[in-house]
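So this block is protein13.cif, mmCIF, C-alpha atoms:
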data_my_file
loop_
_atom_site.label_atom_id
_atom_site.label_comp_id
_atom_site.auth_asym_id
_atom_site.auth_seq_id
_atom_site.Cartn_x
_atom_site.Cartn_y
_atom_site.Cartn_z
CA MET A 12 -44.53 -23.78 32.01
CA PHE A 13 -43.34 -25.42 28.81
CA THR A 14 -41.99 -28.34 30.84
CA GLY A 15 -45.31 -28.75 32.62
CA ALA A 16 -47.10 -28.77 29.27
CA VAL A 17 -44.75 -31.51 28.06
CA PHE A 18 -45.57 -33.68 31.06
CA PHE A 19 -49.30 -33.15 30.59
CA PHE A 20 -48.85 -34.13 26.94
CA ILE A 21 -47.02 -37.32 27.94
CA ILE A 22 -49.79 -38.22 30.36
CA TYR A 23 -52.36 -37.46 27.64
CA LEU A 24 -50.57 -39.75 25.16
CA LEU A 25 -50.41 -42.50 27.76
CA MET A 26 -54.11 -42.17 28.46
CA ARG A 27 -54.90 -42.32 24.74
CA ALA A 28 -52.73 -45.42 24.36
CA THR A 29 -54.59 -47.11 27.20
CA GLU A 30 -58.08 -45.74 26.51
CA LYS A 31 -59.50 -49.18 25.66
CA LEU A 32 -58.36 -50.58 28.99
CA HIS A 33 -60.50 -50.69 32.09
CA PRO A 34 -60.18 -47.45 34.12
CA THR A 35 -58.54 -49.23 37.05
CA VAL A 36 -56.00 -50.85 34.71
CA LYS A 37 -55.31 -47.51 33.07
CA MET A 38 -54.71 -45.91 36.47
CA ALA A 39 -52.35 -48.70 37.47
CA VAL A 40 -50.33 -48.08 34.29
CA VAL A 41 -50.19 -44.31 34.90
CA ASP A 42 -49.16 -45.02 38.49
CA ALA A 43 -45.94 -46.54 37.13
CA LEU A 44 -44.76 -43.20 35.69
CA PRO A 45 -43.74 -41.55 39.01
CA VAL A 46 -41.97 -44.76 40.03
CA LEU A 47 -40.03 -44.73 36.77
CA PHE A 48 -39.19 -41.02 37.11
CA PHE A 49 -38.01 -41.61 40.68
CA ALA A 50 -35.85 -44.58 39.67
CA VAL A 51 -34.10 -42.59 36.92
CA SER A 52 -33.60 -39.56 39.20
CA MET A 53 -32.08 -41.55 42.04
CA SER A 54 -29.89 -43.60 39.70
CA ILE A 55 -28.40 -40.40 38.28
CA LEU A 56 -27.81 -39.05 41.80
CA ALA A 57 -26.08 -42.29 42.77
CA VAL A 58 -23.72 -41.87 39.80
CA MET A 59 -23.09 -38.21 40.63
CA LEU A 60 -22.35 -39.04 44.27
CA LYS A 61 -20.31 -42.12 43.30
CA SER A 62 -22.07 -43.86 46.19
CA PRO A 63 -23.06 -47.56 46.00
CA LEU A 64 -24.88 -47.08 49.32
CA PHE A 65 -27.09 -44.39 47.79
CA GLY A 66 -27.67 -46.67 44.80
CA LEU A 67 -28.74 -49.50 47.11
CA GLY A 68 -31.18 -47.20 48.91
CA ALA A 69 -32.60 -46.01 45.59
CA PHE A 70 -32.98 -49.62 44.42
CA LEU A 71 -34.88 -50.64 47.57
CA SER A 72 -37.21 -47.64 47.20
CA PHE A 73 -37.74 -48.53 43.54
CA LEU A 74 -38.58 -52.12 44.52
CA ALA A 75 -41.12 -50.84 47.01
CA GLY A 76 -42.79 -48.61 44.42
CA THR A 77 -42.71 -51.33 41.75
CA GLY A 78 -44.32 -53.82 44.11
CA LYS A 79 -47.17 -51.44 44.83
CA VAL A 80 -47.67 -50.74 41.12
CA LEU A 81 -47.79 -54.48 40.34
CA TRP A 82 -50.22 -55.03 43.21
CA LYS A 83 -52.57 -52.43 41.71
CA LEU A 84 -52.13 -53.87 38.23
CA PHE A 85 -52.93 -57.46 39.25
CA LEU A 86 -55.85 -56.23 41.31
CA ALA A 87 -57.24 -54.39 38.29
CA VAL A 88 -56.61 -57.15 35.74
CA LYS A 89 -57.13 -60.38 37.68
CA LYS A 90 -59.26 -58.98 40.51
CA THR A 91 -56.81 -60.65 42.86
CA ALA A 92 -54.84 -58.91 45.59
CA TYR A 93 -51.30 -60.27 45.82
CA ASP A 94 -50.57 -58.73 49.21
CA PHE A 95 -46.97 -60.00 49.23
CA LEU A 96 -46.25 -57.28 46.62
CA LYS A 97 -47.72 -54.50 48.73
CA LYS A 98 -46.80 -55.47 52.31
CA PRO A 99 -43.04 -54.78 52.00
CA PHE A 100 -43.73 -51.24 50.73
CA PRO A 101 -43.39 -49.28 54.02
CA ILE A 102 -40.36 -51.28 55.15
CA LEU A 103 -38.46 -51.13 51.85
CA MET A 104 -39.34 -47.49 51.24
CA SER A 105 -38.27 -46.42 54.74
CA LEU A 106 -35.05 -48.43 54.60
CA GLY A 107 -34.29 -47.10 51.14
CA PHE A 108 -34.66 -43.46 52.19
CA ILE A 109 -32.61 -44.02 55.36
CA LEU A 110 -29.76 -45.50 53.29
CA MET A 111 -29.91 -42.60 50.83
CA ILE A 112 -29.81 -40.02 53.66
CA VAL A 113 -26.87 -41.81 55.30
CA ALA A 114 -25.09 -41.95 51.92
CA VAL A 115 -25.49 -38.19 51.43
CA ALA A 116 -24.19 -37.56 54.95
CA LEU A 117 -21.14 -39.76 54.33
CA SER A 118 -20.51 -38.06 50.97
CA GLY A 119 -20.81 -34.56 52.43
CA SER A 120 -17.10 -33.75 52.18
CA ARG A 121 -17.07 -34.69 48.48
CA ILE A 122 -20.12 -32.62 47.57
CA ASN A 123 -19.48 -29.15 46.16
CA TRP A 124 -22.17 -27.30 48.09
CA ASN A 125 -21.55 -24.08 46.16
CA THR A 126 -22.48 -25.95 42.98
CA VAL A 127 -25.57 -27.37 44.69
CA HIS A 128 -26.55 -23.83 45.69
CA LEU A 129 -26.10 -22.59 42.11
CA HIS A 130 -28.17 -25.42 40.66
CA LEU A 131 -31.00 -25.02 43.19
CA PHE A 132 -31.32 -21.25 43.11
CA SER A 133 -30.42 -20.37 39.52
CA LEU A 134 -32.48 -20.79 36.38
CA PRO A 135 -33.56 -23.26 35.11
CA GLY A 136 -32.93 -25.40 38.20
CA PHE A 137 -34.97 -23.07 40.40
CA ILE A 138 -37.98 -23.69 38.13
CA HIS A 139 -37.52 -27.46 37.96
CA TYR A 140 -36.89 -28.05 41.66
CA GLY A 141 -39.31 -25.31 42.72
CA PHE A 142 -42.23 -26.72 40.74
CA GLY A 143 -41.33 -30.23 41.87
CA LEU A 144 -41.46 -29.17 45.52
CA CYS A 145 -44.72 -27.27 45.00
CA PHE A 146 -46.38 -30.30 43.41
CA PHE A 147 -45.16 -32.52 46.27
CA ILE A 148 -46.77 -30.10 48.74
CA VAL A 149 -49.98 -30.10 46.69
CA MET A 150 -49.95 -33.91 46.71
CA ILE A 151 -49.66 -33.98 50.51
CA VAL A 152 -52.52 -31.51 50.85
CA LEU A 153 -54.66 -33.55 48.44
CA GLY A 154 -53.97 -36.66 50.48
CA PHE A 155 -55.73 -35.02 53.44
CA THR A 156 -58.54 -33.32 51.52
CA LEU A 157 -59.61 -35.67 48.72
CA ASP A 158 -61.76 -38.75 49.03
CA MET A 159 -59.33 -41.34 47.64
CA ASP A 160 -62.16 -43.84 47.20
CA MET A 161 -63.33 -41.76 44.26
CA GLU A 162 -61.81 -42.41 40.83
CA LYS A 163 -61.51 -38.70 40.02
CA SER A 164 -59.53 -38.06 43.20
CA ASN A 165 -57.10 -40.86 42.35
CA TRP A 166 -56.54 -39.45 38.89
CA ILE A 167 -55.82 -35.98 40.31
CA GLU A 168 -53.32 -37.43 42.79
CA GLN A 169 -51.54 -39.48 40.12
CA ILE A 170 -51.21 -36.55 37.71
CA VAL A 171 -49.83 -34.29 40.47
CA ASN A 172 -47.41 -37.04 41.50
CA CYS A 173 -46.24 -37.43 37.88
CA LEU A 174 -45.61 -33.70 37.62
CA ALA A 175 -43.73 -33.59 40.94
CA GLN A 176 -41.44 -36.50 40.07
CA GLY A 177 -41.07 -35.28 36.48
CA PHE A 178 -39.90 -31.78 37.42
CA ILE A 179 -37.42 -33.18 39.94
CA LEU A 180 -36.15 -35.57 37.25
CA LEU A 181 -35.64 -32.68 34.82
CA GLY A 182 -33.69 -30.73 37.43
CA ILE A 183 -31.44 -33.70 38.20
CA VAL A 184 -30.86 -34.50 34.51
CA TYR A 185 -29.88 -30.89 33.84
CA SER A 186 -27.54 -30.94 36.86
CA PHE A 187 -26.00 -34.19 35.65
CA ILE A 188 -25.35 -32.72 32.20
CA GLY A 189 -23.74 -29.78 33.98
CA THR A 190 -21.07 -32.06 35.46
CA PHE A 191 -19.42 -32.52 32.06
CA TYR A 192 -17.00 -29.65 31.54
CA TYR A 193 -13.32 -28.77 31.20
CA HIS A 194 -11.46 -28.71 34.51
CA PRO A 195 -8.50 -26.47 35.33
CA ASP A 196 -5.13 -28.08 34.64
CA GLU A 197 -2.09 -27.98 36.91
CA THR A 198 -0.94 -24.66 35.40
CA ALA A 199 -4.07 -22.95 36.78
CA LEU A 200 -2.60 -23.13 40.28
CA VAL A 201 -0.89 -19.74 40.40
CA ASN A 202 0.69 -17.72 43.18
CA THR A 203 -1.81 -15.04 44.16
CA HIS A 204 0.49 -13.24 46.60
CA GLY A 205 -0.55 -9.62 46.96
CA ILE A 206 -4.07 -10.28 45.66
CA THR A 207 -7.09 -10.56 47.94
CA ILE A 208 -9.54 -13.17 46.63
CA SER A 209 -13.03 -13.25 48.14
CA GLU A 210 -15.38 -16.09 47.26
CA THR A 211 -19.18 -16.01 47.28
CA PRO A 212 -21.60 -18.68 46.01
CA THR A 213 -21.88 -16.83 42.67
CA TYR A 214 -18.50 -15.17 41.99
CA TYR A 215 -14.86 -14.62 42.95
CA TYR A 216 -13.63 -11.09 43.68
CA PHE A 217 -9.96 -10.41 42.85
CA GLN A 218 -8.97 -7.22 44.64
CA THR A 219 -5.72 -5.25 44.67
CA GLU A 220 -4.63 -1.92 46.08
CA GLU A 221 -5.02 1.28 44.04
CA ALA A 222 -6.99 -0.32 41.18
CA ASP A 223 -9.23 2.14 39.35
CA THR A 224 -10.73 -0.39 36.90
CA LEU A 225 -13.08 -3.33 37.47
CA LEU A 226 -13.53 -6.16 34.96
CA ILE A 227 -16.57 -8.43 35.30
CA PHE A 228 -15.54 -11.63 33.54
CA TYR A 229 -17.61 -14.58 32.24
CA PRO A 230 -15.83 -17.93 31.62
CA GLY A 231 -16.32 -19.86 28.39
CA ALA A 232 -19.01 -22.51 28.00
CA LYS A 233 -18.45 -25.79 29.85
CA VAL A 234 -15.23 -24.55 31.48
CA ASP A 235 -14.62 -24.39 35.23
CA GLU A 236 -14.12 -20.80 36.38
CA LYS A 237 -10.90 -21.71 38.26
CA ALA A 238 -9.26 -22.30 34.86
CA TYR A 239 -9.25 -18.49 34.49
CA PHE A 240 -7.35 -17.77 37.72
CA PRO A 241 -4.07 -17.17 35.82
CA LEU A 242 -5.81 -14.68 33.51
CA MET A 243 -7.36 -12.92 36.52
CA LYS A 244 -3.90 -12.74 38.10
CA HIS A 245 -2.53 -11.07 34.95
CA PHE A 246 -5.24 -8.43 35.27
CA ALA A 247 -4.77 -8.00 39.01
CA ASP A 248 -1.02 -7.59 38.57
CA SER A 249 -1.88 -4.77 36.16
CA LYS A 250 -4.08 -3.04 38.77
CA VAL A 251 -7.37 -4.23 37.29
CA ASP A 252 -9.70 -5.78 39.87
CA CYS A 253 -11.87 -8.64 38.64
CA ILE A 254 -15.21 -10.27 39.33
CA LEU A 255 -14.97 -13.85 38.03
CA ILE A 256 -18.50 -15.18 37.54
CA LYS A 257 -19.47 -18.69 38.66
CA GLU A 258 -21.83 -19.98 36.00
CA PRO A 259 -24.58 -22.46 36.87
CA TYR A 260 -24.15 -25.58 34.72
CA LYS A 261 -20.99 -23.87 33.36
CA LEU A 262 -23.07 -21.88 30.86
CA ALA A 263 -22.87 -18.10 30.86
CA PHE A 264 -26.48 -17.37 29.94
CA HIS A 265 -27.59 -18.94 33.24
CA ALA A 266 -25.58 -16.24 35.02
CA ARG A 267 -26.66 -13.24 32.97
CA PHE A 268 -27.93 -11.36 36.06
CA THR A 269 -25.14 -12.39 38.44
CA PRO A 270 -23.14 -9.13 38.05
CA ASN A 271 -26.01 -7.10 39.51
CA LYS A 272 -24.98 -7.72 43.11
CA PRO A 273 -21.21 -7.13 42.88
CA LEU A 274 -21.81 -4.12 40.65
CA LYS A 275 -24.05 -2.65 43.34
CA LEU A 276 -21.60 -3.54 46.13
CA TYR A 277 -18.34 -2.43 44.53
CA GLY A 278 -19.20 -0.32 41.49
CA GLU A 279 -18.79 3.04 43.23
CA LYS A 280 -15.13 2.23 44.04
CA TYR A 281 -13.99 2.30 40.42
CA GLN A 282 -13.55 4.98 37.79
CA HIS A 283 -13.85 2.46 34.95
CA ILE A 284 -15.97 -0.71 34.72
CA PHE A 285 -15.84 -3.22 31.88
CA THR A 286 -17.42 -6.57 31.22
CA GLY A 287 -15.52 -9.33 29.49
CA GLY A 288 -15.73 -12.96 28.61
CA HIS A 289 -14.29 -15.89 26.75
CA SER A 290 -16.26 -17.47 23.89
CA LEU A 291 -19.94 -17.78 24.97
CA GLY A 292 -19.01 -15.81 28.08
CA GLY A 293 -18.15 -12.85 25.88
CA VAL A 294 -21.54 -12.97 24.19
CA VAL A 295 -23.30 -12.70 27.56
CA ALA A 296 -20.83 -10.09 28.81
CA GLY A 297 -21.53 -7.95 25.76
CA THR A 298 -25.27 -8.18 26.26
CA TYR A 299 -24.98 -7.29 29.94
CA GLY A 300 -22.77 -4.33 29.07
CA LYS A 301 -25.28 -3.03 26.54
CA HIS A 302 -28.11 -3.13 29.08
CA HIS A 303 -25.97 -1.37 31.71
CA SER A 304 -24.07 1.07 29.52
CA ASP A 305 -24.75 3.85 32.03
CA LYS A 306 -22.18 2.18 34.32
CA ILE A 307 -20.15 -0.02 31.98
CA GLU A 308 -17.74 1.51 29.47
CA GLY A 309 -17.14 -1.48 27.24
CA THR A 310 -16.59 -5.20 26.78
CA LEU A 311 -13.52 -7.37 26.26
CA PHE A 312 -14.28 -10.17 23.78
CA LEU A 313 -11.80 -13.04 23.99
CA ALA A 314 -12.43 -15.34 21.01
CA SER A 315 -15.95 -13.97 21.03
CA TYR A 316 -18.31 -11.38 19.59
CA PRO A 317 -21.44 -9.43 20.54
CA THR A 318 -24.93 -10.27 19.35
CA LYS A 319 -26.33 -6.82 20.10
CA GLU A 320 -25.63 -3.45 18.49
CA TYR A 321 -24.46 -0.52 20.60
CA THR A 322 -25.95 2.91 20.18
CA SER A 323 -23.03 5.00 21.46
CA SER A 324 -19.51 5.56 20.12
CA HIS A 325 -18.39 5.90 23.73
CA TYR A 326 -18.91 2.16 24.26
CA LYS A 327 -15.68 0.24 23.63
CA CYS A 328 -15.51 -3.25 22.14
CA ILE A 329 -12.07 -4.81 22.53
CA PHE A 330 -11.63 -7.94 20.41
CA VAL A 331 -8.79 -10.42 20.96
CA ASN A 332 -8.42 -13.66 18.98
CA GLY A 333 -5.70 -16.22 18.33
CA THR A 334 -4.53 -17.11 14.84
CA LYS A 335 -4.65 -20.84 15.66
CA ASP A 336 -8.24 -20.71 16.93
CA LEU A 337 -10.32 -23.37 15.17
CA VAL A 338 -13.31 -23.17 17.54
CA LEU A 339 -14.41 -19.57 17.00
CA ASN A 340 -17.09 -19.21 14.33
CA ARG A 341 -15.22 -16.83 12.06
CA LYS A 342 -18.23 -16.18 9.86
CA MET A 343 -20.30 -15.01 12.84
CA TRP A 344 -17.35 -13.04 14.17
CA GLU A 345 -16.95 -11.17 10.87
CA LYS A 346 -20.67 -10.44 10.85
CA ASN A 347 -20.67 -9.02 14.40
CA LYS A 348 -17.24 -7.40 14.72
CA THR A 349 -18.62 -3.89 14.09
CA PRO A 350 -21.64 -3.75 16.42
CA GLY A 351 -23.45 -0.51 15.74
CA LEU A 352 -21.76 2.72 16.82
CA ALA A 353 -19.32 1.17 19.30
CA THR A 354 -15.63 2.04 19.10
CA CYS A 355 -13.84 -1.21 18.24
CA THR A 356 -10.22 -2.34 18.46
CA TYR A 357 -8.83 -5.67 17.28
CA LEU A 358 -5.89 -7.92 18.08
CA GLU A 359 -4.88 -11.24 16.48
CA ILE A 360 -2.37 -13.01 18.69
CA GLU A 361 0.06 -14.89 16.48
CA GLY A 362 0.19 -18.54 17.55
CA GLY A 363 -2.65 -18.26 20.07
CA ASN A 364 -5.62 -20.64 20.04
CA HIS A 365 -9.14 -20.70 21.50
CA GLY A 366 -8.41 -22.38 24.81
CA GLY A 367 -5.26 -20.37 25.52
CA PHE A 368 -7.23 -17.66 27.34
CA GLY A 369 -7.89 -20.20 30.09
CA ASN A 370 -5.85 -23.03 31.61
CA TYR A 371 -7.85 -26.19 31.01
CA GLY A 372 -5.82 -28.16 28.50
CA GLN A 373 -6.44 -28.68 24.81
CA GLN A 374 -10.04 -28.00 23.81
CA LYS A 375 -11.72 -30.43 21.43
CA GLY A 376 -11.58 -29.16 17.85
CA ASP A 377 -9.13 -26.37 18.65
CA GLY A 378 -5.89 -25.67 16.84
CA THR A 379 -2.49 -26.30 18.42
CA ALA A 380 -1.01 -23.15 19.92
CA THR A 381 2.60 -22.24 19.15
CA ILE A 382 2.86 -19.92 22.15
CA SER A 383 2.22 -20.52 25.84
CA ASN A 384 -1.04 -19.73 27.60
CA GLU A 385 0.85 -17.24 29.74
CA SER A 386 2.09 -15.34 26.67
CA GLN A 387 -1.36 -15.35 25.09
CA GLN A 388 -3.02 -14.07 28.26
CA ALA A 389 -0.34 -11.44 28.83
CA ALA A 390 -0.86 -10.14 25.28
CA ALA A 391 -4.62 -9.96 25.80
CA VAL A 392 -4.24 -8.03 29.09
CA LYS A 393 -1.71 -5.63 27.54
CA PHE A 394 -4.06 -4.90 24.64
CA PHE A 395 -6.94 -4.33 27.04
CA LEU A 396 -4.90 -1.87 29.09
CA GLU A 397 -3.91 0.06 25.96
CA ASN A 398 -7.49 0.34 24.67
CA ARG A 399 -9.74 0.55 27.72
#

Entire entry expressed as structure tokens:
Amino acid sequence: MFTGAVFFFIIYLLMRATEKLHPTVKMAVVDALPVLFFAVSMSILAVMLKSPLFGLGAFLSFLAGTGKVLWKLFLAVKKTAYDFLKKPFPILMSLGFILMIVAVALSGSRINWNTVHLHLFSLPGFIHYGFGLCFFIVMIVLGFTLDMDMEKSNWIEQIVNCLAQGFILLGIVYSFIGTFYYHPDETALVNTHGITISETPTYYYFQTEEADTLLIFYPGAKVDEKAYFPLMKHFADSKVDCILIKEPYKLAFHARFTPNKPLKLYGEKYQHIFTGGHSLGGVVAGTYGKHHSDKIEGTLFLASYPTKEYTSSHYKCIFVNGTKDLVLNRKMWEKNKTPGLATCTYLEIEGGNHGGFGNYGQQKGDGTATISNESQQAAAVKFFLENR
């Protein structure tokens, strides 16, 4: 709703800036907004797809829309219809969309459809794309029900079109920002012999025989979940099954409800259930654990801390940091390391850094570790097993 209010405010400012213009001129100017939104959206998609063909299709569609806008503008200002600007519209628009569809089809093997699913059906993408689609449907309905010869009807259509294109643009921009994250390095490719790994659109399930403990784990911010495969293997080798959360946009707070389904599906199998997470992932894991303390016994905080206080001494907070960590906010950690009545245990791994809990290379701003990632992760798992 906030986003919609922003778009209405933009339209309001544009109308105020053009209030001295003739109404038809003002409408022609406002008509340029959806064309601009569309051009930016499709340009970003072309970059994400790495497809010149998609870019060409987007450019042709943009030319078609621009020509129609200029036709309206000249008609309003000079009272002259330059039909050569308008006539190519259906041809260019159709050709542009055909090229974009073909480009997507050709790029199908390179598209991570699980990521697309996460972005479309998780917040905030679900709101952006959902509202965009709804406004497109409204615009189609209005096209059949409104008298477009009336000025008021044209204004309604243009505002709805602006909102539709604007929400889609927001969704695409947010998705584009979500493509910038740390990828797993070559050491993340581990031998998972003896471990059953099931993948769903929202999580990985690491399952072993005879495990009595389940750990629901959130990756750190802007880190690919596969970078934590070695850590999950350490746990699985120690008879701790794991749910590794896939975070939309690689941010844990967008996946704060994701554990609900696996907890319902598998929770009854285990005597002990913990949440855990790295950095921002630990913050979200701690919050989820607090709200589900009837099923969850505690939280493992790797270079992290809770932001909520716990009301029971039975809840366990297990803190593990590295002495070379220069990313963790130590002031906030000190403030939150004794959250309410929870029973807390602490470990400082000598020589460990912030990124050593995952396998994604050196994190910007982090200290240089003097031990291997494997040693750091093994120490964290051992401490968890001793204090769960």

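Distances here use all atoms listed in the file; by that measure, the residue among A:Lys327, A:Arg121, A:Lys163, A:Lys342 closest to Ser62 of chain A is A:Arg121.
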
**Report entry** Nearest candidate to Glu197 of chain A (options A:Ile307, A:Leu47, A:Gly369, A:Lys250; using only C-alpha atoms)
**Finding:** A:Gly369

Query raised in the report: Can you list, as a VMD selection string, the residues that the PyMOL selection byres ((chain A and resi 136) around 9) selects here?
Result: chain A and resid 129 to 135 137 to 141 181 to 183 185 to 186 259

Requested in this report: Using the chain letters and residue numbers of this document, give as a ChimeraX atom specification the residues selected by the PyMOL selection byres ((chain A and resi 147) around 9).
Outcome: /A:142-146,148-152,171-172,174-176

Could the residues in this selection be saved with C-alpha atoms as a PDB file, in the coordinates of the input?
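Ended up saving to again_32.pdb:
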ATOM      1  CA  PHE A 142     -42.230 -26.720  40.740  1.00  0.00           C
ATOM      2  CA  GLY A 143     -41.330 -30.230  41.870  1.00  0.00           C
ATOM      3  CA  LEU A 144     -41.460 -29.170  45.520  1.00  0.00           C
ATOM      4  CA  CYS A 145     -44.720 -27.270  45.000  1.00  0.00           C
ATOM      5  CA  PHE A 146     -46.380 -30.300  43.410  1.00  0.00           C
ATOM      6  CA  ILE A 148     -46.770 -30.100  48.740  1.00  0.00           C
ATOM      7  CA  VAL A 149     -49.980 -30.100  46.690  1.00  0.00           C
ATOM      8  CA  MET A 150     -49.950 -33.910  46.710  1.00  0.00           C
ATOM      9  CA  ILE A 151     -49.660 -33.980  50.510  1.00  0.00           C
ATOM     10  CA  VAL A 152     -52.520 -31.510  50.850  1.00  0.00           C
ATOM     11  CA  VAL A 171     -49.830 -34.290  40.470  1.00  0.00           C
ATOM     12  CA  ASN A 172     -47.410 -37.040  41.500  1.00  0.00           C
ATOM     13  CA  LEU A 174     -45.610 -33.700  37.620  1.00  0.00           C
ATOM     14  CA  ALA A 175     -43.730 -33.590  40.940  1.00  0.00           C
ATOM     15  CA  GLN A 176     -41.440 -36.500  40.070  1.00  0.00           C
TER      16      GLN A 176
END

Query - Close residues, Ile227 of chain A itself excluded, 12 Å, all atoms listed in the file, min 5 positions apart in chain, as a PyMOL selection string - result: chain A and resi 214-217+243+246+251-257+266-274+277-278+283-289+292-293+295-297+299-300+307-312

**Report entry** Val331 of chain A surroundings by only C-alpha atoms, 9 Å radius, close-in-sequence under 3 positions cut, as a list in words
**Finding:** Leu311, Phe312, Leu313, Ala314, Ser315, Thr356, Tyr357, Leu358, Glu359, Ile360, Ala391, Phe394 and Phe395 of chain A
